[in-house]
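Data block below; observations after.
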Amino acid sequence: MINDFDISKLNYYEQEAEDCTFFDVVADITHRCNMTCKNCYLPNRTFPDMEFEKFKAFIKRLKRPVMIRLVGAEPTLHPQLLDFINTTFEHGHNAILVTNGLRLSSANFVKKIKDTGLKHLYISLNGIDNDDWYQEIDEMRCADKKIKAVKNTKNDFNLNFGIIIVKGINEEVPSRAHDLIKREAIPDVTLRFKNVGQLGRYQKEKDENLKMKDMVKLIGSQLGYTEDYIWSHYGKPHRYSKVVEPGTIEFPLDPNNKDRYKGQWVKITDWDTDNEQGIPDPGSIRRGRITQEWKVAPFYEHAKINENGY
């Protein structure tokens, strides 16, 4: 379902799978979810699950390796999740599972994920271990399950913790996240902080949102880094696509660590839509998204024109 947004504002286009130029390809394998978070770019729960056989056929058509981002709503609810992961690897691609983490509180479920060979997990942790924050942002007191998911996965995966900083609610979350990775001695992890993205369902308008400079100041002060140190990493090419992302800063907690795939890192991403196009990172050539017609389109642009639909 296409909304009434003026598409002429966007540099929107579609590619056949064989012609895909994106490095990351988002696969929204289900629109179902076991949470009702206040910030969700994919809030429509009625769209049917992605058909595995059609996904497999799509994967076969890609001519060069990409990172498939298995997303939802909540991808762990798809009954064929393991098949999606396995076929991605079988055809020479990499995969990351982007999840709210609730099902990862089961050690048995985590073992099934691990047995596929998956190495990269993205777990949303907007409240870290604070149930009040989860209630305010994600409408569920789920801290115990989230921390159990962290404990179940910390030694076998390269972890990414997705953390939305919401002005007036969880602005102390950087220090809480830092304490968590030290307390649990998590070897390989990226703390991914972002502000509220005004796509789909969201709880802060642009004029109420934290800006990039606010996040840099907040994170620097709580983690013990100067703003100059953090900004010195701005404008660096992405580690494998070599694309410079204007709304992103990545830096290591250990300044001597040069290996982006190892150790503890921080990534700050500006999801604010305070620009003419009304999307985060307009014109990104790194992130693509599988469309309803099994083509590939720029992720943010596709999400905007299909807002509250697909």
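Scheme for the structure tokens: letters A, B, ... for chains in order shown; per-chain residue numbers from 1; ligand numbers from 1 in order shown.
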Residue neighbourhood region 257-262 of chain A, 9 Å, only C-alpha atoms, exclusion window fewer than 4 positions, as a ChimeraX atom specification:
/A:158,187-189,239,251-253
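Near Asp19 (chain A), within 8 Å and counting only C-alpha atoms, sit Gln15, Glu16, Ala17, Thr21, Leu62 and Lys63 of chain A; same-chain residues fewer than 2 positions away were not included.
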Now that the selection is made, can you save its residues with C-alpha atoms as a PDB file, in the first residue's frame?
ATOM      1  CA  GLN A  15      16.604  -2.785  -9.364  1.00  0.00           C
ATOM      2  CA  GLU A  16      16.285  -6.374 -10.474  1.00  0.00           C
ATOM      3  CA  ALA A  17      18.065  -8.781  -8.131  1.00  0.00           C
ATOM      4  CA  THR A  21      24.245  -2.545  -6.252  1.00  0.00           C
ATOM      5  CA  LEU A  62      21.950 -11.983  -6.691  1.00  0.00           C
ATOM      6  CA  LYS A  63      25.225 -11.779  -8.608  1.00  0.00           C
TER       7      LYS A  63
END
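Take CA of Met50 (chain A) and CA of Ala27 (chain A): the distance between them is 8.5 Å.
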Write out as an NGL selection string the set of residues from region 128-262 of chain A that DSSP, computed on the backbone, places in helix (DSSP H, G or I).
:A and (131-138 or 143-153 or 173-183 or 206-208 or 212-223 or 227-231)
Atoms kept (C-alpha atoms) for selection, written as a PDB file, in the first residue's frame:
ATOM      1  CA  ASP A 131      11.884  -1.946  33.100  1.00  0.00           C
ATOM      2  CA  ASP A 132      10.561   1.601  33.463  1.00  0.00           C
ATOM      3  CA  TRP A 133      12.398   2.627  30.282  1.00  0.00           C
ATOM      4  CA  TYR A 134      11.100  -0.402  28.407  1.00  0.00           C
ATOM      5  CA  GLN A 135       7.565   0.415  29.499  1.00  0.00           C
ATOM      6  CA  GLU A 136       7.869   4.020  28.311  1.00  0.00           C
ATOM      7  CA  ILE A 137       9.451   3.149  24.947  1.00  0.00           C
ATOM      8  CA  ASP A 138       8.420  -0.425  24.118  1.00  0.00           C
ATOM      9  CA  ALA A 143      14.235  -6.329  31.118  1.00  0.00           C
ATOM     10  CA  ASP A 144      14.686  -9.829  32.552  1.00  0.00           C
ATOM     11  CA  LYS A 145      14.162 -11.501  29.166  1.00  0.00           C
ATOM     12  CA  LYS A 146      16.409  -8.997  27.416  1.00  0.00           C
ATOM     13  CA  ILE A 147      19.290  -9.557  29.843  1.00  0.00           C
ATOM     14  CA  LYS A 148      18.814 -13.315  29.631  1.00  0.00           C
ATOM     15  CA  ALA A 149      19.086 -13.027  25.831  1.00  0.00           C
ATOM     16  CA  VAL A 150      22.370 -11.137  26.263  1.00  0.00           C
ATOM     17  CA  LYS A 151      23.735 -13.809  28.596  1.00  0.00           C
ATOM     18  CA  ASN A 152      22.681 -16.577  26.189  1.00  0.00           C
ATOM     19  CA  THR A 153      24.419 -15.015  23.197  1.00  0.00           C
ATOM     20  CA  VAL A 173      21.165   4.787  28.675  1.00  0.00           C
ATOM     21  CA  PRO A 174      24.738   5.142  27.288  1.00  0.00           C
ATOM     22  CA  SER A 175      26.304   4.670  30.719  1.00  0.00           C
ATOM     23  CA  ARG A 176      23.849   1.858  31.528  1.00  0.00           C
ATOM     24  CA  ALA A 177      24.792   0.083  28.283  1.00  0.00           C
ATOM     25  CA  HIS A 178      28.499   0.561  28.980  1.00  0.00           C
ATOM     26  CA  ASP A 179      28.055  -0.920  32.461  1.00  0.00           C
ATOM     27  CA  LEU A 180      26.274  -3.931  30.962  1.00  0.00           C
ATOM     28  CA  ILE A 181      29.019  -4.873  28.508  1.00  0.00           C
ATOM     29  CA  LYS A 182      31.659  -4.478  31.233  1.00  0.00           C
ATOM     30  CA  ARG A 183      29.655  -6.465  33.791  1.00  0.00           C
ATOM     31  CA  LYS A 206      11.391  16.266  14.749  1.00  0.00           C
ATOM     32  CA  ASP A 207      11.304  19.349  16.976  1.00  0.00           C
ATOM     33  CA  GLU A 208      11.236  17.153  20.103  1.00  0.00           C
ATOM     34  CA  MET A 212      23.281  14.161  16.242  1.00  0.00           C
ATOM     35  CA  LYS A 213      25.257  16.762  18.197  1.00  0.00           C
ATOM     36  CA  ASP A 214      23.114  16.057  21.271  1.00  0.00           C
ATOM     37  CA  MET A 215      23.830  12.336  21.062  1.00  0.00           C
ATOM     38  CA  VAL A 216      27.570  12.910  20.637  1.00  0.00           C
ATOM     39  CA  LYS A 217      27.619  15.139  23.720  1.00  0.00           C
ATOM     40  CA  LEU A 218      25.513  12.719  25.757  1.00  0.00           C
ATOM     41  CA  ILE A 219      27.481   9.608  24.802  1.00  0.00           C
ATOM     42  CA  GLY A 220      30.861  11.280  25.179  1.00  0.00           C
ATOM     43  CA  SER A 221      30.124  12.589  28.663  1.00  0.00           C
ATOM     44  CA  GLN A 222      28.732   9.279  29.926  1.00  0.00           C
ATOM     45  CA  LEU A 223      31.362   7.011  28.358  1.00  0.00           C
ATOM     46  CA  GLU A 227      33.421  15.159  21.658  1.00  0.00           C
ATOM     47  CA  ASP A 228      36.498  15.834  19.532  1.00  0.00           C
ATOM     48  CA  TYR A 229      37.495  12.158  19.750  1.00  0.00           C
ATOM     49  CA  ILE A 230      34.047  11.036  18.647  1.00  0.00           C
ATOM     50  CA  TRP A 231      33.747  13.589  15.822  1.00  0.00           C
TER      51      TRP A 231
END
Write out as a PDB file with C-alpha atoms, in the first residue's frame the residues lying within 8 Å of Asn34 (chain A), counting only C-alpha atoms and excluding same-chain residues fewer than 2 positions away.
ATOM      1  CA  ARG A  32       4.009 -10.033  12.978  1.00  0.00           C
ATOM      2  CA  THR A  36       4.013  -3.112  20.480  1.00  0.00           C
ATOM      3  CA  GLU A  74       9.960  -9.671  14.651  1.00  0.00           C
TER       4      GLU A  74
END
Residue contacts of Tyr41 (chain A) (7 Å, only C-alpha atoms) excluding same-chain residues fewer than 6 positions away, as a list of chain:residue names:
A:Leu199, A:Gly200, A:Arg201
Any chance you can output those residues with N, CA, C and O atoms as a short mmCIF file (atom, residue, chain, number, x, y, z; two decimals), in the first residue's frame?
data_model
loop_
_atom_site.label_atom_id
_atom_site.label_comp_id
_atom_site.auth_asym_id
_atom_site.auth_seq_id
_atom_site.Cartn_x
_atom_site.Cartn_y
_atom_site.Cartn_z
N LEU A 199 9.39 7.54 11.11
CA LEU A 199 8.88 6.65 10.08
C LEU A 199 7.92 5.65 10.72
O LEU A 199 8.23 5.10 11.78
N GLY A 200 6.79 5.41 10.10
CA GLY A 200 5.84 4.45 10.64
C GLY A 200 5.21 4.97 11.92
O GLY A 200 4.52 5.99 11.94
N ARG A 201 5.48 4.28 13.04
CA ARG A 201 4.97 4.70 14.35
C ARG A 201 6.14 5.23 15.16
O ARG A 201 7.19 4.58 15.26
#
Residue with smallest distance to Ala297 (chain A) - pool A:Leu104, A:Val26, A:Val266, A:Ile7, counting only C-alpha atoms:
A:Val26
So that I can see what lies close to Pro65 (chain A), please list as a ChimeraX atom specification the residues with an atom at most 12 Å from it, counting only C-alpha atoms and leaving out residues fewer than 5 positions away in the same chain.
/A:17-18,20-25,59-60,88-95,240-241
Counting only C-alpha atoms, what is within 8 Å of Asn44 (chain A), bar same-chain residues fewer than 3 positions away, as a list of chain:residue names?
A:His31, A:Phe47, A:Asn308, A:Gly309, A:Tyr310
Let me see the file: selected residues, N, CA, C and O atoms, as a compact mmCIF listing (two decimals), in the first residue's frame.
# COMPACT_ATOMS: atom_id res chain seq x y z
N HIS A 31 5.60 -9.45 9.24
CA HIS A 31 5.07 -8.21 9.82
C HIS A 31 4.46 -8.47 11.20
O HIS A 31 3.93 -7.55 11.81
N PHE A 47 0.16 -7.69 6.97
CA PHE A 47 0.77 -8.17 5.74
C PHE A 47 1.25 -9.61 5.96
O PHE A 47 1.82 -9.93 7.00
N ASN A 308 3.42 2.68 6.88
CA ASN A 308 2.22 2.10 7.50
C ASN A 308 1.50 1.10 6.59
O ASN A 308 0.39 0.68 6.87
N GLY A 309 2.16 0.72 5.48
CA GLY A 309 1.61 -0.30 4.60
C GLY A 309 2.48 -1.52 4.64
O GLY A 309 2.50 -2.27 5.60
N TYR A 310 3.29 -1.71 3.57
CA TYR A 310 4.20 -2.85 3.54
C TYR A 310 5.26 -2.70 4.61
O TYR A 310 5.82 -1.62 4.80
Hey, what does DSSP flag as strand (DSSP E) within region 6-236 of chain A? Can you give it to me as number ranges by chain?
A: 24-28, 67-71, 94-99, 120-124, 158-164, 189-194
Could you dump the residues just selected with N, CA, C and O atoms as a short mmCIF file (atom, residue, chain, number, x, y, z; two decimals), in the first residue's frame?
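Result went into out_20.cif, see below:
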data_model
loop_
_atom_site.label_atom_id
_atom_site.label_comp_id
_atom_site.auth_asym_id
_atom_site.auth_seq_id
_atom_site.Cartn_x
_atom_site.Cartn_y
_atom_site.Cartn_z
N ASP A 24 24.00 -3.97 1.74
CA ASP A 24 23.08 -4.56 2.72
C ASP A 24 21.71 -4.65 2.06
O ASP A 24 21.26 -3.68 1.44
N VAL A 25 21.04 -5.78 2.22
CA VAL A 25 19.69 -5.95 1.67
C VAL A 25 18.76 -6.38 2.80
O VAL A 25 18.96 -7.44 3.41
N VAL A 26 17.77 -5.56 3.09
CA VAL A 26 16.82 -5.82 4.17
C VAL A 26 15.71 -6.74 3.66
O VAL A 26 15.10 -6.49 2.62
N ALA A 27 15.46 -7.81 4.41
CA ALA A 27 14.37 -8.74 4.12
C ALA A 27 13.41 -8.72 5.30
O ALA A 27 13.73 -9.26 6.36
N ASP A 28 12.26 -8.08 5.12
CA ASP A 28 11.24 -8.04 6.17
C ASP A 28 10.43 -9.33 6.09
O ASP A 28 9.41 -9.40 5.41
N MET A 67 25.13 -8.56 2.49
CA MET A 67 24.69 -8.85 3.85
C MET A 67 23.17 -8.80 3.87
O MET A 67 22.58 -7.75 3.61
N ILE A 68 22.53 -9.94 4.12
CA ILE A 68 21.08 -9.99 4.22
C ILE A 68 20.70 -9.68 5.67
O ILE A 68 21.14 -10.37 6.60
N ARG A 69 19.90 -8.66 5.84
CA ARG A 69 19.42 -8.27 7.17
C ARG A 69 18.02 -8.85 7.35
O ARG A 69 17.05 -8.36 6.76
N LEU A 70 17.92 -9.92 8.13
CA LEU A 70 16.65 -10.59 8.39
C LEU A 70 15.93 -9.83 9.50
O LEU A 70 16.33 -9.86 10.67
N VAL A 71 14.86 -9.14 9.10
CA VAL A 71 14.20 -8.18 9.97
C VAL A 71 12.73 -8.53 10.04
O VAL A 71 12.24 -9.43 9.35
N ASN A 94 26.14 -13.29 3.47
CA ASN A 94 26.22 -13.24 4.92
C ASN A 94 24.86 -12.82 5.46
O ASN A 94 23.99 -12.38 4.69
N ALA A 95 24.66 -12.96 6.77
CA ALA A 95 23.35 -12.64 7.35
C ALA A 95 23.52 -12.07 8.74
O ALA A 95 24.44 -12.43 9.48
N ILE A 96 22.60 -11.17 9.08
CA ILE A 96 22.47 -10.68 10.45
C ILE A 96 21.00 -10.77 10.82
O ILE A 96 20.12 -10.45 10.00
N LEU A 97 20.71 -11.22 12.01
CA LEU A 97 19.34 -11.33 12.50
C LEU A 97 19.07 -10.12 13.38
O LEU A 97 19.76 -9.90 14.39
N VAL A 98 18.05 -9.34 13.03
CA VAL A 98 17.68 -8.12 13.75
C VAL A 98 16.41 -8.43 14.54
O VAL A 98 15.33 -8.60 13.97
N THR A 99 16.52 -8.50 15.87
CA THR A 99 15.44 -9.03 16.70
C THR A 99 15.26 -8.22 17.98
O THR A 99 16.19 -7.57 18.46
N HIS A 120 26.22 -12.97 13.44
CA HIS A 120 25.87 -11.57 13.73
C HIS A 120 24.44 -11.46 14.23
O HIS A 120 23.50 -11.90 13.55
N LEU A 121 24.27 -10.88 15.41
CA LEU A 121 22.96 -10.64 15.99
C LEU A 121 22.80 -9.17 16.34
O LEU A 121 23.74 -8.55 16.87
N TYR A 122 21.64 -8.62 16.06
CA TYR A 122 21.28 -7.26 16.45
C TYR A 122 20.08 -7.39 17.38
O TYR A 122 19.03 -7.87 16.98
N ILE A 123 20.26 -6.99 18.64
CA ILE A 123 19.21 -7.10 19.64
C ILE A 123 18.82 -5.71 20.12
O ILE A 123 19.69 -4.93 20.54
N SER A 124 17.54 -5.39 20.06
CA SER A 124 17.11 -4.07 20.55
C SER A 124 17.08 -4.08 22.07
O SER A 124 16.51 -4.96 22.70
N ASN A 158 28.84 -12.14 17.33
CA ASN A 158 29.23 -10.73 17.30
C ASN A 158 27.94 -9.95 17.50
O ASN A 158 27.06 -9.96 16.64
N LEU A 159 27.81 -9.29 18.64
CA LEU A 159 26.55 -8.68 19.04
C LEU A 159 26.47 -7.20 18.67
O LEU A 159 27.47 -6.48 18.69
N ASN A 160 25.27 -6.79 18.34
CA ASN A 160 24.94 -5.39 18.14
C ASN A 160 23.74 -5.08 19.02
O ASN A 160 22.72 -5.76 18.92
N PHE A 161 23.87 -4.08 19.88
CA PHE A 161 22.76 -3.69 20.74
C PHE A 161 22.14 -2.41 20.16
O PHE A 161 22.79 -1.36 20.13
N GLY A 162 20.90 -2.52 19.67
CA GLY A 162 20.21 -1.37 19.11
C GLY A 162 19.51 -0.60 20.20
O GLY A 162 18.63 -1.13 20.90
N ILE A 163 19.89 0.67 20.37
CA ILE A 163 19.39 1.47 21.50
C ILE A 163 18.90 2.82 20.98
O ILE A 163 19.69 3.63 20.48
N ILE A 164 17.59 3.05 21.07
CA ILE A 164 17.03 4.36 20.73
C ILE A 164 17.10 5.24 21.96
O ILE A 164 16.59 4.88 23.02
N VAL A 189 31.14 -6.58 20.63
CA VAL A 189 29.83 -5.94 20.69
C VAL A 189 29.92 -4.51 20.17
O VAL A 189 30.93 -3.84 20.35
N THR A 190 28.85 -4.08 19.51
CA THR A 190 28.71 -2.68 19.11
C THR A 190 27.47 -2.11 19.77
O THR A 190 26.37 -2.68 19.64
N LEU A 191 27.65 -1.02 20.50
CA LEU A 191 26.52 -0.28 21.07
C LEU A 191 26.04 0.68 19.99
O LEU A 191 26.72 1.65 19.65
N ARG A 192 24.87 0.41 19.43
CA ARG A 192 24.34 1.21 18.32
C ARG A 192 23.27 2.16 18.86
O ARG A 192 22.13 1.76 19.09
N PHE A 193 23.65 3.41 19.03
CA PHE A 193 22.73 4.42 19.53
C PHE A 193 22.13 5.20 18.36
O PHE A 193 22.83 5.55 17.40
N LYS A 194 20.84 5.47 18.45
CA LYS A 194 20.21 6.34 17.46
C LYS A 194 19.09 7.12 18.13
O LYS A 194 18.64 6.78 19.23
#
